[in-house]
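These notes are about the structure you will find just below.
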Amino acid sequence: MKCPQCAKLVRLAKLEEYQVDGAQRYMKCTHCGAWLKNSKIALLGKGAAFYLAVIMLACGYWQWLEASISYPIAIIATILMFVLHLMDQLAVVDEPPKK
Ligand SMILES: [Zn+2]
């Protein structure tokens, strides 16, 4: 993911300072030192869309549901997952919340 402040690539493996608060993550850019946060909605939505797609594919495969219903839902969920992935950008915050 790219840092919106310095436009350099933030490597998750190289992060020295970060905080995790459920699906909300805060990380410090290794290049410019700005605190960044991910999009909680994009992360949760991506996970939900992924499971929906998998469940619908399984329903269609084993015919728990009519294939004409389950497959279109699986396709829509997959598209939704990609759209949410594109929306999943980092945002600059002043500092992470203190615990
Ligand atoms: Zn940066």
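In the structure tokens, the first chain shown is A, the next is B, and so on; residue numbers restart at 1 for each chain, and ligands run from 1 in the order shown.
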Give me, as CSV, each residue of chain A that comes within 9 Å of ligand 1, together with its shortest interatomic pair and the distance in Å at one decimal, counting only C-alpha atoms and all ligand atoms, with rows ordered by chain and rising residue number.
```
residue,atom,partner,partner_atom_place_in_ligand_line,distance
A:Lys2,CA,ligand 1,1 (Zn),7.9
A:Cys3,CA,ligand 1,1 (Zn),4.7
A:Pro4,CA,ligand 1,1 (Zn),6.7
A:Gln5,CA,ligand 1,1 (Zn),5.0
A:Cys6,CA,ligand 1,1 (Zn),4.2
A:Ala7,CA,ligand 1,1 (Zn),6.3
A:Lys8,CA,ligand 1,1 (Zn),6.0
A:Leu9,CA,ligand 1,1 (Zn),7.9
A:Val10,CA,ligand 1,1 (Zn),7.3
A:Lys28,CA,ligand 1,1 (Zn),7.9
A:Cys29,CA,ligand 1,1 (Zn),4.6
A:Thr30,CA,ligand 1,1 (Zn),6.5
A:His31,CA,ligand 1,1 (Zn),4.9
A:Cys32,CA,ligand 1,1 (Zn),4.1
A:Gly33,CA,ligand 1,1 (Zn),6.1
A:Ala34,CA,ligand 1,1 (Zn),5.7
A:Trp35,CA,ligand 1,1 (Zn),8.3
A:Leu36,CA,ligand 1,1 (Zn),8.5
```
Store the residues of this selection in a file with N, CA and C atoms, as a PDB file, in the first residue's frame.
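Result saved to part-v3.pdb:
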```
ATOM      1  N   LYS A   2       0.344   2.309  -0.573  1.00  0.00           N
ATOM      2  CA  LYS A   2       1.118   3.536  -0.697  1.00  0.00           C
ATOM      3  C   LYS A   2       0.785   4.521   0.406  1.00  0.00           C
ATOM      4  N   CYS A   3       1.808   5.190   0.881  1.00  0.00           N
ATOM      5  CA  CYS A   3       1.611   6.238   1.885  1.00  0.00           C
ATOM      6  C   CYS A   3       1.047   7.471   1.184  1.00  0.00           C
ATOM      7  N   PRO A   4      -0.101   8.009   1.636  1.00  0.00           N
ATOM      8  CA  PRO A   4      -0.665   9.188   0.969  1.00  0.00           C
ATOM      9  C   PRO A   4       0.142  10.463   1.214  1.00  0.00           C
ATOM     10  N   GLN A   5       1.002  10.449   2.220  1.00  0.00           N
ATOM     11  CA  GLN A   5       1.784  11.648   2.539  1.00  0.00           C
ATOM     12  C   GLN A   5       3.031  11.773   1.657  1.00  0.00           C
ATOM     13  N   CYS A   6       3.805  10.692   1.540  1.00  0.00           N
ATOM     14  CA  CYS A   6       5.056  10.773   0.781  1.00  0.00           C
ATOM     15  C   CYS A   6       5.000   9.951  -0.502  1.00  0.00           C
ATOM     16  N   ALA A   7       3.874   9.251  -0.746  1.00  0.00           N
ATOM     17  CA  ALA A   7       3.644   8.481  -1.970  1.00  0.00           C
ATOM     18  C   ALA A   7       4.636   7.335  -2.155  1.00  0.00           C
ATOM     19  N   LYS A   8       5.306   6.939  -1.083  1.00  0.00           N
ATOM     20  CA  LYS A   8       6.202   5.790  -1.166  1.00  0.00           C
ATOM     21  C   LYS A   8       5.477   4.536  -0.703  1.00  0.00           C
ATOM     22  N   LEU A   9       5.970   3.406  -1.132  1.00  0.00           N
ATOM     23  CA  LEU A   9       5.336   2.143  -0.794  1.00  0.00           C
ATOM     24  C   LEU A   9       5.618   1.786   0.665  1.00  0.00           C
ATOM     25  N   VAL A  10       4.548   1.494   1.408  1.00  0.00           N
ATOM     26  CA  VAL A  10       4.701   1.081   2.805  1.00  0.00           C
ATOM     27  C   VAL A  10       4.723  -0.442   2.830  1.00  0.00           C
ATOM     28  N   LYS A  28       2.820   3.351  11.234  1.00  0.00           N
ATOM     29  CA  LYS A  28       3.676   4.512  11.038  1.00  0.00           C
ATOM     30  C   LYS A  28       4.497   4.296   9.779  1.00  0.00           C
ATOM     31  N   CYS A  29       4.422   5.264   8.866  1.00  0.00           N
ATOM     32  CA  CYS A  29       5.166   5.161   7.606  1.00  0.00           C
ATOM     33  C   CYS A  29       6.655   5.125   7.907  1.00  0.00           C
ATOM     34  N   THR A  30       7.353   4.166   7.310  1.00  0.00           N
ATOM     35  CA  THR A  30       8.787   4.018   7.568  1.00  0.00           C
ATOM     36  C   THR A  30       9.602   5.088   6.855  1.00  0.00           C
ATOM     37  N   HIS A  31       8.991   5.805   5.910  1.00  0.00           N
ATOM     38  CA  HIS A  31       9.715   6.819   5.142  1.00  0.00           C
ATOM     39  C   HIS A  31       9.572   8.212   5.743  1.00  0.00           C
ATOM     40  N   CYS A  32       8.312   8.619   6.025  1.00  0.00           N
ATOM     41  CA  CYS A  32       8.110   9.993   6.480  1.00  0.00           C
ATOM     42  C   CYS A  32       7.629  10.075   7.924  1.00  0.00           C
ATOM     43  N   GLY A  33       7.327   8.935   8.562  1.00  0.00           N
ATOM     44  CA  GLY A  33       6.937   8.934   9.962  1.00  0.00           C
ATOM     45  C   GLY A  33       5.500   9.336  10.222  1.00  0.00           C
ATOM     46  N   ALA A  34       4.686   9.478   9.177  1.00  0.00           N
ATOM     47  CA  ALA A  34       3.278   9.841   9.363  1.00  0.00           C
ATOM     48  C   ALA A  34       2.491   8.614   9.817  1.00  0.00           C
ATOM     49  N   TRP A  35       1.513   8.846  10.702  1.00  0.00           N
ATOM     50  CA  TRP A  35       0.645   7.753  11.125  1.00  0.00           C
ATOM     51  C   TRP A  35      -0.452   7.572  10.095  1.00  0.00           C
ATOM     52  N   LEU A  36      -0.675   6.329   9.720  1.00  0.00           N
ATOM     53  CA  LEU A  36      -1.663   6.021   8.694  1.00  0.00           C
ATOM     54  C   LEU A  36      -2.689   5.062   9.260  1.00  0.00           C
TER      55      LEU A  36
END
```
Which residue, A:Ala91, A:Ile55, A:Val20, A:Leu12, has the smallest gap to Ala77 of chain A when you use only C-alpha atoms?
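Looking only at the distances to Ala77 of chain A, the closest residue turns out to be A:Ile55.
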From the set A:Leu90, A:Ser39, A:Pro97, A:Ala49, which residue has the shortest atom-to-atom contact distance to Ala74 of chain A, counting only C-alpha atoms?
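Closest to Ala74 of chain A, using only C-alpha atoms: A:Ala49.
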What does the distance from atom CA of Pro72 of chain A to atom CA of Ala58 of chain A come to in Å, to one decimal?
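Separation of atom CA of Pro72 of chain A and atom CA of Ala58 of chain A: 12.8 Å.
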Just how far from atom CA of Ile76 of chain A is atom CA of Gly45 of chain A, in Å to one decimal?
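According to the coordinates, atom CA of Gly45 of chain A and atom CA of Ile76 of chain A are separated by 13.1 Å.
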Figure out the distance between atom CA of Val54 of chain A and atom CA of Ile73 of chain A, please, to one decimal in Å.
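Going from atom CA of Ile73 of chain A over to atom CA of Val54 of chain A, I get 10.2 Å.
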Could you pull out all residues of segment 12-95 of chain A with a DSSP call of alpha helix (DSSP H) and give them as a PyMOL selection string?
chain A and resi 40-61+67-87
Save out the residues we just selected, C-alpha atoms, as an mmCIF file, in the first residue's frame.
```
data_model
loop_
_atom_site.group_PDB
_atom_site.id
_atom_site.type_symbol
_atom_site.label_atom_id
_atom_site.label_comp_id
_atom_site.auth_asym_id
_atom_site.auth_seq_id
_atom_site.Cartn_x
_atom_site.Cartn_y
_atom_site.Cartn_z
ATOM 1 C CA LYS A 40 -12.295 -0.353 8.415
ATOM 2 C CA ILE A 41 -15.343 -0.545 6.134
ATOM 3 C CA ALA A 42 -13.269 -1.679 3.146
ATOM 4 C CA LEU A 43 -11.548 -4.380 5.211
ATOM 5 C CA LEU A 44 -14.739 -5.732 6.784
ATOM 6 C CA GLY A 45 -16.675 -5.464 3.521
ATOM 7 C CA LYS A 46 -13.947 -7.294 1.633
ATOM 8 C CA GLY A 47 -14.028 -10.144 4.126
ATOM 9 C CA ALA A 48 -17.841 -10.330 4.045
ATOM 10 C CA ALA A 49 -17.939 -10.251 0.235
ATOM 11 C CA PHE A 50 -15.300 -12.981 0.033
ATOM 12 C CA TYR A 51 -17.228 -15.339 2.323
ATOM 13 C CA LEU A 52 -20.496 -14.583 0.527
ATOM 14 C CA ALA A 53 -18.881 -15.464 -2.812
ATOM 15 C CA VAL A 54 -17.424 -18.715 -1.433
ATOM 16 C CA ILE A 55 -20.715 -19.746 0.225
ATOM 17 C CA MET A 56 -22.719 -18.991 -2.913
ATOM 18 C CA LEU A 57 -20.283 -20.965 -5.089
ATOM 19 C CA ALA A 58 -20.594 -23.896 -2.679
ATOM 20 C CA CYS A 59 -24.402 -23.604 -2.741
ATOM 21 C CA GLY A 60 -24.373 -23.675 -6.535
ATOM 22 C CA TYR A 61 -21.898 -26.545 -6.721
ATOM 23 C CA ALA A 67 -27.653 -22.296 -9.632
ATOM 24 C CA SER A 68 -29.413 -19.436 -11.411
ATOM 25 C CA ILE A 69 -29.644 -17.671 -8.032
ATOM 26 C CA SER A 70 -26.347 -18.610 -6.344
ATOM 27 C CA TYR A 71 -23.924 -18.020 -9.239
ATOM 28 C CA PRO A 72 -25.025 -14.431 -10.034
ATOM 29 C CA ILE A 73 -24.769 -13.582 -6.306
ATOM 30 C CA ALA A 74 -21.253 -15.107 -6.242
ATOM 31 C CA ILE A 75 -20.250 -13.027 -9.279
ATOM 32 C CA ILE A 76 -21.665 -9.820 -7.762
ATOM 33 C CA ALA A 77 -19.885 -10.529 -4.457
ATOM 34 C CA THR A 78 -16.595 -11.059 -6.320
ATOM 35 C CA ILE A 79 -16.997 -7.748 -8.182
ATOM 36 C CA LEU A 80 -17.853 -6.045 -4.875
ATOM 37 C CA MET A 81 -14.686 -7.504 -3.361
ATOM 38 C CA PHE A 82 -12.539 -5.990 -6.123
ATOM 39 C CA VAL A 83 -14.269 -2.605 -5.849
ATOM 40 C CA LEU A 84 -13.704 -2.592 -2.073
ATOM 41 C CA HIS A 85 -10.093 -3.602 -2.658
ATOM 42 C CA LEU A 86 -9.598 -0.531 -4.859
ATOM 43 C CA MET A 87 -11.252 1.622 -2.183
#
```
With distances taken over only C-alpha atoms, which residue among A:Lys14, A:Asp88, A:Leu65, A:Asn38 lies nearest Tyr26 of chain A?
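Closest residue, counting only C-alpha atoms: A:Asn38.
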With distances taken over only C-alpha atoms, which residue among A:Arg11, A:Met1, A:Lys37, A:Gln19 lies nearest Lys98 of chain A?
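Under the stated criterion, the closest residue is A:Gln19.
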